[in-house]
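File shown: final_30.cif. Contents: mmCIF, C-alpha atoms, pLDDT in the B column; chains and numbers go by the auth columns.
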```cif
data_entry
#
loop_
_atom_site.group_PDB
_atom_site.id
_atom_site.type_symbol
_atom_site.label_atom_id
_atom_site.label_comp_id
_atom_site.label_asym_id
_atom_site.label_seq_id
_atom_site.Cartn_x
_atom_site.Cartn_y
_atom_site.Cartn_z
_atom_site.B_iso_or_equiv
_atom_site.auth_seq_id
_atom_site.auth_asym_id
ATOM 1 C CA MET A 1 -16.270 -22.522 4.795 74.00 25 C
ATOM 2 C CA ARG A 2 -15.281 -20.517 1.740 90.00 26 C
ATOM 3 C CA ALA A 3 -11.534 -20.046 1.361 96.00 27 C
ATOM 4 C CA THR A 4 -10.943 -16.584 2.798 97.00 28 C
ATOM 5 C CA VAL A 5 -8.094 -14.246 3.654 97.00 29 C
ATOM 6 C CA LEU A 6 -8.732 -11.739 6.445 97.00 30 C
ATOM 7 C CA ALA A 7 -6.609 -8.619 6.066 97.00 31 C
ATOM 8 C CA TYR A 8 -5.757 -6.599 9.163 96.00 32 C
ATOM 9 C CA GLY A 9 -3.964 -3.284 8.755 93.00 33 C
ATOM 10 C CA CYS A 10 -3.992 -3.528 4.955 92.00 34 C
ATOM 11 C CA GLU A 11 -4.850 -0.460 2.950 91.00 35 C
ATOM 12 C CA GLY A 12 -4.104 1.168 -0.379 92.00 36 C
ATOM 13 C CA ARG A 13 -1.739 -0.637 -2.719 91.00 37 C
ATOM 14 C CA GLU A 14 -1.261 -3.681 -0.474 91.00 38 C
ATOM 15 C CA LEU A 15 -5.016 -4.212 -0.157 94.00 39 C
ATOM 16 C CA ASP A 16 -5.513 -3.776 -3.905 95.00 40 C
ATOM 17 C CA ILE A 17 -2.802 -6.350 -4.630 94.00 41 C
ATOM 18 C CA LEU A 18 -4.293 -8.777 -2.104 95.00 42 C
ATOM 19 C CA LYS A 19 -7.780 -8.443 -3.581 96.00 43 C
ATOM 20 C CA THR A 20 -6.472 -8.934 -7.128 96.00 44 C
ATOM 21 C CA VAL A 21 -4.400 -11.986 -6.183 96.00 45 C
ATOM 22 C CA CYS A 22 -7.279 -13.523 -4.241 96.00 46 C
ATOM 23 C CA ALA A 23 -9.722 -12.943 -7.106 97.00 47 C
ATOM 24 C CA ARG A 24 -7.360 -14.666 -9.543 96.00 48 C
ATOM 25 C CA LEU A 25 -7.102 -17.647 -7.193 96.00 49 C
ATOM 26 C CA GLY A 26 -10.826 -17.828 -6.454 97.00 50 C
ATOM 27 C CA LEU A 27 -10.348 -16.771 -2.840 97.00 51 C
ATOM 28 C CA ARG A 28 -12.327 -14.253 -0.845 97.00 52 C
ATOM 29 C CA ALA A 29 -10.395 -11.291 0.583 97.00 53 C
ATOM 30 C CA ARG A 30 -11.956 -9.412 3.474 97.00 54 C
ATOM 31 C CA ARG A 31 -10.508 -6.278 5.039 97.00 55 C
ATOM 32 C CA VAL A 32 -10.945 -6.138 8.812 96.00 56 C
ATOM 33 C CA VAL A 33 -11.444 -2.547 9.896 95.00 57 C
ATOM 34 C CA PRO A 34 -10.128 -1.311 13.273 93.00 58 C
ATOM 35 C CA ALA A 35 -13.647 -1.229 14.756 93.00 59 C
ATOM 36 C CA GLU A 36 -13.735 -5.032 14.271 93.00 60 C
ATOM 37 C CA TYR A 37 -10.371 -5.775 15.912 93.00 61 C
ATOM 38 C CA GLY A 38 -12.118 -6.811 19.139 91.00 62 C
ATOM 39 C CA ARG A 39 -13.987 -9.667 17.443 91.00 63 C
ATOM 40 C CA PRO A 40 -12.554 -13.158 17.822 92.00 64 C
ATOM 41 C CA VAL A 41 -10.906 -14.204 14.563 93.00 65 C
ATOM 42 C CA GLY A 42 -13.158 -17.242 14.331 93.00 66 C
ATOM 43 C CA ALA A 43 -16.280 -15.064 14.578 92.00 67 C
ATOM 44 C CA PHE A 44 -15.697 -14.001 10.975 93.00 68 C
ATOM 45 C CA PHE A 45 -16.266 -17.652 10.031 90.00 69 C
ATOM 46 C CA GLY A 46 -18.989 -18.608 12.506 87.00 70 C
ATOM 47 C CA LEU A 47 -16.509 -20.557 14.666 82.00 71 C
ATOM 48 C CA ALA A 48 -16.647 -18.376 17.768 54.00 72 C
ATOM 49 C CA ASN A 49 -19.363 -16.378 19.473 59.00 73 C
ATOM 50 C CA ALA A 50 -19.836 -13.439 17.080 47.00 74 C
ATOM 51 C CA GLY A 51 -21.166 -11.291 19.916 48.00 75 C
ATOM 52 C CA GLU A 52 -18.068 -11.777 22.049 55.00 76 C
ATOM 53 C CA ARG A 53 -15.910 -8.662 22.383 54.00 77 C
ATOM 54 C CA ALA A 54 -12.648 -8.005 24.117 52.00 78 C
ATOM 55 C CA ALA A 55 -12.672 -5.394 26.875 46.00 79 C
ATOM 56 C CA SER A 56 -10.262 -3.355 24.773 55.00 80 C
ATOM 57 C CA ALA A 57 -9.743 -4.238 21.129 66.00 81 C
ATOM 58 C CA GLY A 58 -6.199 -2.929 21.087 79.00 82 C
ATOM 59 C CA ASP A 59 -4.214 -1.995 18.025 85.00 83 C
ATOM 60 C CA ILE A 60 -2.383 -3.852 15.324 89.00 84 C
ATOM 61 C CA PRO A 61 0.847 -1.985 14.548 88.00 85 C
ATOM 62 C CA GLY A 62 1.466 -3.757 11.225 91.00 86 C
ATOM 63 C CA ARG A 63 -0.228 -5.911 8.626 94.00 87 C
ATOM 64 C CA MET A 64 -1.548 -9.399 9.278 96.00 88 C
ATOM 65 C CA LEU A 65 -3.278 -11.949 7.073 96.00 89 C
ATOM 66 C CA VAL A 66 -5.383 -14.764 8.519 97.00 90 C
ATOM 67 C CA LEU A 67 -5.979 -17.643 6.123 97.00 91 C
ATOM 68 C CA ALA A 68 -9.043 -19.828 6.584 96.00 92 C
ATOM 69 C CA GLY A 69 -10.376 -22.736 4.567 96.00 93 C
ATOM 70 C CA LEU A 70 -7.507 -22.759 2.064 97.00 94 C
ATOM 71 C CA THR A 71 -6.062 -25.996 0.767 96.00 95 C
ATOM 72 C CA ASP A 72 -2.297 -26.465 0.891 96.00 96 C
ATOM 73 C CA ARG A 73 -2.167 -25.749 -2.831 97.00 97 C
ATOM 74 C CA GLN A 74 -4.199 -22.542 -2.493 97.00 98 C
ATOM 75 C CA ARG A 75 -2.046 -21.389 0.414 96.00 99 C
ATOM 76 C CA GLU A 76 1.184 -21.942 -1.516 96.00 100 C
ATOM 77 C CA ALA A 77 -0.242 -20.233 -4.623 97.00 101 C
ATOM 78 C CA LEU A 78 -1.353 -17.249 -2.535 96.00 102 C
ATOM 79 C CA LEU A 79 1.995 -16.832 -0.793 94.00 103 C
ATOM 80 C CA THR A 80 3.914 -17.168 -4.067 95.00 104 C
ATOM 81 C CA ALA A 81 1.651 -14.663 -5.843 94.00 105 C
ATOM 82 C CA LEU A 82 1.949 -12.141 -2.994 93.00 106 C
ATOM 83 C CA ARG A 83 5.749 -12.446 -3.041 92.00 107 C
ATOM 84 C CA THR A 84 5.843 -12.051 -6.825 92.00 108 C
ATOM 85 C CA ALA A 85 3.554 -9.000 -6.663 90.00 109 C
ATOM 86 C CA ARG A 86 5.703 -7.479 -3.884 85.00 110 C
ATOM 87 C CA ALA A 87 2.640 -6.987 -1.740 80.00 111 C
ATOM 88 C CA GLY A 88 4.662 -5.888 1.277 76.00 112 C
ATOM 89 C CA ASP A 89 5.447 -7.635 4.515 84.00 113 C
ATOM 90 C CA SER A 90 2.720 -8.977 6.739 88.00 114 C
ATOM 91 C CA LEU A 91 2.489 -11.546 9.468 92.00 115 C
ATOM 92 C CA LYS A 92 0.476 -14.574 8.433 95.00 116 C
ATOM 93 C CA ALA A 93 -1.547 -17.128 10.346 95.00 117 C
ATOM 94 C CA VAL A 94 -3.802 -20.034 9.542 96.00 118 C
ATOM 95 C CA LEU A 95 -7.086 -20.124 11.443 95.00 119 C
ATOM 96 C CA THR A 96 -7.143 -23.019 13.900 93.00 120 C
ATOM 97 C CA GLU A 97 -9.433 -24.210 16.681 89.00 121 C
ATOM 98 C CA TYR A 98 -6.815 -22.916 19.086 89.00 122 C
ATOM 99 C CA ASN A 99 -6.580 -19.334 17.782 92.00 123 C
ATOM 100 C CA ALA A 100 -10.221 -18.933 16.650 92.00 124 C
ATOM 101 C CA SER A 101 -11.170 -17.343 19.982 90.00 125 C
ATOM 102 C CA TRP A 102 -8.314 -14.821 19.882 91.00 126 C
ATOM 103 C CA THR A 103 -8.904 -11.241 18.810 93.00 127 C
ATOM 104 C CA GLY A 104 -6.831 -9.724 16.014 94.00 128 C
ATOM 105 C CA PRO A 105 -4.491 -7.845 18.371 95.00 129 C
ATOM 106 C CA VAL A 106 -3.897 -10.968 20.499 94.00 130 C
ATOM 107 C CA LEU A 107 -3.100 -13.054 17.415 94.00 131 C
ATOM 108 C CA TYR A 108 -0.851 -10.305 16.035 93.00 132 C
ATOM 109 C CA ALA A 109 1.089 -10.101 19.317 92.00 133 C
ATOM 110 C CA ALA A 110 1.615 -13.882 19.345 93.00 134 C
ATOM 111 C CA LEU A 111 2.784 -13.888 15.720 94.00 135 C
ATOM 112 C CA ALA A 112 5.086 -10.915 16.274 90.00 136 C
ATOM 113 C CA GLU A 113 6.659 -12.620 19.286 88.00 137 C
ATOM 114 C CA GLU A 114 7.155 -15.856 17.358 84.00 138 C
ATOM 115 C CA HIS A 115 8.569 -13.973 14.368 74.00 139 C
ATOM 116 C CA GLY A 116 10.983 -12.160 16.672 74.00 140 C
ATOM 117 C CA ARG A 117 12.213 -15.446 18.145 77.00 141 C
ATOM 118 C CA MET A 118 12.656 -16.992 14.694 76.00 142 C
ATOM 119 C CA SER A 119 14.462 -13.915 13.330 76.00 143 C
ATOM 120 C CA ALA A 120 16.789 -13.411 16.312 70.00 144 C
ATOM 121 C CA PRO A 121 20.466 -14.234 15.789 75.00 145 C
ATOM 122 C CA ARG A 122 21.507 -17.503 17.342 69.00 146 C
#
```
What is this file in structure tokens?
Amino acid sequence: MRATVLAYGCEGRELDILKTVCARLGLRARRVVPAEYGRPVGAFFGLANAGERAASAGDIPGRMLVLAGLTDRQREALLTALRTARAGDSLKAVLTEYNASWTGPVLYAALAEEHGRMSAPR
């Protein structure tokens, strides 16, 4: 699997920055358009049934990056470069066997919930 970053909800400046950063690091950046939100995340990598669709794709109210096939070093370099370039906030996930069957909106909701728990005052 080629090291790839899926970009949900990314457009304009943020998408341009992501593509530039990925190109410099030898990574593939792929924008996921709203019509594809119903596809399982793993389907973009041949890990889930590409024909499978959710009954309703749903929406993604923010930006999300899904990282697949990156080494630890590539992942750290990507995150550092995005921070340095001020690419904007986005939720981030690493593709796993567990989340490969989830659609973009399902993964986004899980990440948003987890982010909310981690950011909540204690």
Within 12 Å of stretch 119-124 of chain C, which residues of stretch 29-63 of chain C show up? Give each one with its shortest atom-to-atom distance in Å (one decimal) and the two atoms involved, counting all atoms listed in the file, rows by chain then rising residue number, as JSON lines.
```
{"residue": "C:Val29", "atom": "CA", "partner": "C:Leu119", "partner_atom": "CA", "distance": 9.8}
{"residue": "C:Leu30", "atom": "CA", "partner": "C:Leu119", "partner_atom": "CA", "distance": 9.9}
{"residue": "C:Arg63", "atom": "CA", "partner": "C:Ala124", "partner_atom": "CA", "distance": 10.0}
```
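Within 10 Å of C:Val130, once all atoms listed in the file are used and residues closer than 2 positions along the same chain are dropped, the contacting residues are Tyr61, Gly62, Pro64, Val65, Ala78, Ala81, Gly82, Asp83, Ile84, Asn123, Ser125, Trp126, Thr127, Gly128, Tyr132, Ala133, Ala134, Leu135 and Ala136 of chain C.
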Pick from C:Glu137, C:Leu115, C:Cys46, C:Arg37 nearest to C:Gly86, counting all atoms listed in the file: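 Comparing C:Glu137, C:Leu115, C:Cys46, C:Arg37 against C:Gly86, the winner is C:Leu115.
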Straight-line distance linking atom CA of C:Leu42 with atom CA of C:Lys116, stated in Å to one decimal: 12.9 Å
Distance of atom CA of C:Arg99 from atom CA of C:Glu38, expressed in Å to one decimal place: 17.7 Å
Sel. within 8 Å of pt (-11.9, -22.9, 0.9), counting all atoms listed in the file, output as number ranges by chain: C: 25-28, 51, 92-95
Protein/DNA/RNA residues near (-5.6, -3.7, -3.4), cut 12 Å, all atoms listed in the file, as a ChimeraX atom specification: /C:31,34-47,53-55,106,109-112
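For the atom pair formed by atom CA of C:Glu100 and atom CA of C:Val57, the distance is 25.8 Å, given to one decimal.
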Closest of C:Met142, C:Leu91, C:Tyr32, C:Ala59 to C:Ser114 - atom-to-atom distances counting all atoms listed in the file: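 Among the listed residues, C:Tyr32 lies closest to C:Ser114.
Closest approach to C:Leu89 from the set C:Gly66, C:Pro58, C:Leu49, C:Val118 is made by C:Val118, with distances taken over all atoms listed in the file.
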Top pick for closest residue to C:Arg52, considering C:Ala144, C:Met88, C:Leu102, C:Ala67 and counting all atoms listed in the file: C:Leu102
Would you kindly place N, CA and C atoms on stretch 34-66 of chain C and return the model as a PDB file, keeping the file's coordinate frame?
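Saved the output as part_25.pdb:
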```pdb
ATOM      1  N   CYS C  34      -4.309  -3.644   6.383  1.00 92.00           N
ATOM      2  CA  CYS C  34      -3.992  -3.528   4.955  1.00 92.00           C
ATOM      3  C   CYS C  34      -4.839  -2.428   4.334  1.00 92.00           C
ATOM      4  N   GLU C  35      -4.166  -1.559   3.615  1.00 91.00           N
ATOM      5  CA  GLU C  35      -4.850  -0.460   2.950  1.00 91.00           C
ATOM      6  C   GLU C  35      -4.136  -0.166   1.639  1.00 91.00           C
ATOM      7  N   GLY C  36      -4.745   0.665   0.831  1.00 92.00           N
ATOM      8  CA  GLY C  36      -4.104   1.168  -0.379  1.00 92.00           C
ATOM      9  C   GLY C  36      -3.596   0.081  -1.295  1.00 92.00           C
ATOM     10  N   ARG C  37      -2.357   0.263  -1.745  1.00 91.00           N
ATOM     11  CA  ARG C  37      -1.739  -0.637  -2.719  1.00 91.00           C
ATOM     12  C   ARG C  37      -1.718  -2.091  -2.255  1.00 91.00           C
ATOM     13  N   GLU C  38      -1.341  -2.314  -0.986  1.00 91.00           N
ATOM     14  CA  GLU C  38      -1.261  -3.681  -0.474  1.00 91.00           C
ATOM     15  C   GLU C  38      -2.629  -4.371  -0.510  1.00 91.00           C
ATOM     16  N   LEU C  39      -3.669  -3.643  -0.139  1.00 94.00           N
ATOM     17  CA  LEU C  39      -5.016  -4.212  -0.157  1.00 94.00           C
ATOM     18  C   LEU C  39      -5.463  -4.481  -1.588  1.00 94.00           C
ATOM     19  N   ASP C  40      -5.162  -3.576  -2.493  1.00 95.00           N
ATOM     20  CA  ASP C  40      -5.513  -3.776  -3.905  1.00 95.00           C
ATOM     21  C   ASP C  40      -4.827  -5.017  -4.464  1.00 95.00           C
ATOM     22  N   ILE C  41      -3.545  -5.176  -4.160  1.00 94.00           N
ATOM     23  CA  ILE C  41      -2.802  -6.350  -4.630  1.00 94.00           C
ATOM     24  C   ILE C  41      -3.417  -7.613  -4.051  1.00 94.00           C
ATOM     25  N   LEU C  42      -3.707  -7.603  -2.751  1.00 95.00           N
ATOM     26  CA  LEU C  42      -4.293  -8.777  -2.104  1.00 95.00           C
ATOM     27  C   LEU C  42      -5.621  -9.142  -2.760  1.00 95.00           C
ATOM     28  N   LYS C  43      -6.476  -8.170  -2.968  1.00 96.00           N
ATOM     29  CA  LYS C  43      -7.780  -8.443  -3.581  1.00 96.00           C
ATOM     30  C   LYS C  43      -7.626  -9.010  -4.990  1.00 96.00           C
ATOM     31  N   THR C  44      -6.702  -8.456  -5.764  1.00 96.00           N
ATOM     32  CA  THR C  44      -6.472  -8.934  -7.128  1.00 96.00           C
ATOM     33  C   THR C  44      -5.959 -10.367  -7.125  1.00 96.00           C
ATOM     34  N   VAL C  45      -4.973 -10.640  -6.280  1.00 96.00           N
ATOM     35  CA  VAL C  45      -4.400 -11.986  -6.183  1.00 96.00           C
ATOM     36  C   VAL C  45      -5.471 -12.978  -5.746  1.00 96.00           C
ATOM     37  N   CYS C  46      -6.232 -12.623  -4.730  1.00 96.00           N
ATOM     38  CA  CYS C  46      -7.279 -13.523  -4.241  1.00 96.00           C
ATOM     39  C   CYS C  46      -8.326 -13.794  -5.315  1.00 96.00           C
ATOM     40  N   ALA C  47      -8.722 -12.766  -6.042  1.00 97.00           N
ATOM     41  CA  ALA C  47      -9.722 -12.943  -7.106  1.00 97.00           C
ATOM     42  C   ALA C  47      -9.205 -13.908  -8.167  1.00 97.00           C
ATOM     43  N   ARG C  48      -7.960 -13.767  -8.538  1.00 96.00           N
ATOM     44  CA  ARG C  48      -7.360 -14.666  -9.543  1.00 96.00           C
ATOM     45  C   ARG C  48      -7.328 -16.108  -9.067  1.00 96.00           C
ATOM     46  N   LEU C  49      -7.192 -16.295  -7.759  1.00 96.00           N
ATOM     47  CA  LEU C  49      -7.102 -17.647  -7.193  1.00 96.00           C
ATOM     48  C   LEU C  49      -8.455 -18.188  -6.727  1.00 96.00           C
ATOM     49  N   GLY C  50      -9.496 -17.398  -6.884  1.00 97.00           N
ATOM     50  CA  GLY C  50     -10.826 -17.828  -6.454  1.00 97.00           C
ATOM     51  C   GLY C  50     -11.021 -17.782  -4.951  1.00 97.00           C
ATOM     52  N   LEU C  51     -10.265 -16.917  -4.285  1.00 97.00           N
ATOM     53  CA  LEU C  51     -10.348 -16.771  -2.840  1.00 97.00           C
ATOM     54  C   LEU C  51     -11.090 -15.488  -2.502  1.00 97.00           C
ATOM     55  N   ARG C  52     -11.661 -15.459  -1.335  1.00 97.00           N
ATOM     56  CA  ARG C  52     -12.327 -14.253  -0.845  1.00 97.00           C
ATOM     57  C   ARG C  52     -11.331 -13.469   0.002  1.00 97.00           C
ATOM     58  N   ALA C  53     -11.220 -12.166  -0.243  1.00 97.00           N
ATOM     59  CA  ALA C  53     -10.395 -11.291   0.583  1.00 97.00           C
ATOM     60  C   ALA C  53     -11.342 -10.384   1.352  1.00 97.00           C
ATOM     61  N   ARG C  54     -11.105 -10.264   2.651  1.00 97.00           N
ATOM     62  CA  ARG C  54     -11.956  -9.412   3.474  1.00 97.00           C
ATOM     63  C   ARG C  54     -11.083  -8.535   4.356  1.00 97.00           C
ATOM     64  N   ARG C  55     -11.236  -7.223   4.193  1.00 97.00           N
ATOM     65  CA  ARG C  55     -10.508  -6.278   5.039  1.00 97.00           C
ATOM     66  C   ARG C  55     -11.205  -6.203   6.389  1.00 97.00           C
ATOM     67  N   VAL C  56     -10.426  -6.306   7.452  1.00 96.00           N
ATOM     68  CA  VAL C  56     -10.945  -6.138   8.812  1.00 96.00           C
ATOM     69  C   VAL C  56     -10.617  -4.712   9.226  1.00 96.00           C
ATOM     70  N   VAL C  57     -11.642  -3.949   9.515  1.00 95.00           N
ATOM     71  CA  VAL C  57     -11.444  -2.547   9.896  1.00 95.00           C
ATOM     72  C   VAL C  57     -11.164  -2.472  11.400  1.00 95.00           C
ATOM     73  N   PRO C  58     -10.480  -1.418  11.855  1.00 93.00           N
ATOM     74  CA  PRO C  58     -10.128  -1.311  13.273  1.00 93.00           C
ATOM     75  C   PRO C  58     -11.305  -1.485  14.238  1.00 93.00           C
ATOM     76  N   ALA C  59     -12.490  -1.066  13.875  1.00 93.00           N
ATOM     77  CA  ALA C  59     -13.647  -1.229  14.756  1.00 93.00           C
ATOM     78  C   ALA C  59     -13.984  -2.696  14.995  1.00 93.00           C
ATOM     79  N   GLU C  60     -13.470  -3.595  14.140  1.00 93.00           N
ATOM     80  CA  GLU C  60     -13.735  -5.032  14.271  1.00 93.00           C
ATOM     81  C   GLU C  60     -12.599  -5.782  14.953  1.00 93.00           C
ATOM     82  N   TYR C  61     -11.535  -5.102  15.335  1.00 93.00           N
ATOM     83  CA  TYR C  61     -10.371  -5.775  15.912  1.00 93.00           C
ATOM     84  C   TYR C  61     -10.699  -6.533  17.191  1.00 93.00           C
ATOM     85  N   GLY C  62     -11.750  -6.139  17.903  1.00 91.00           N
ATOM     86  CA  GLY C  62     -12.118  -6.811  19.139  1.00 91.00           C
ATOM     87  C   GLY C  62     -12.882  -8.111  18.939  1.00 91.00           C
ATOM     88  N   ARG C  63     -13.279  -8.411  17.722  1.00 91.00           N
ATOM     89  CA  ARG C  63     -13.987  -9.667  17.443  1.00 91.00           C
ATOM     90  C   ARG C  63     -13.001 -10.835  17.429  1.00 91.00           C
ATOM     91  N   PRO C  64     -13.404 -11.975  17.966  1.00 92.00           N
ATOM     92  CA  PRO C  64     -12.554 -13.158  17.822  1.00 92.00           C
ATOM     93  C   PRO C  64     -12.377 -13.475  16.337  1.00 92.00           C
ATOM     94  N   VAL C  65     -11.198 -13.911  15.961  1.00 93.00           N
ATOM     95  CA  VAL C  65     -10.906 -14.204  14.563  1.00 93.00           C
ATOM     96  C   VAL C  65     -11.907 -15.217  14.008  1.00 93.00           C
ATOM     97  N   GLY C  66     -12.229 -16.214  14.787  1.00 93.00           N
ATOM     98  CA  GLY C  66     -13.158 -17.242  14.331  1.00 93.00           C
ATOM     99  C   GLY C  66     -14.571 -16.743  14.111  1.00 93.00           C
TER     100      GLY C  66
END
```
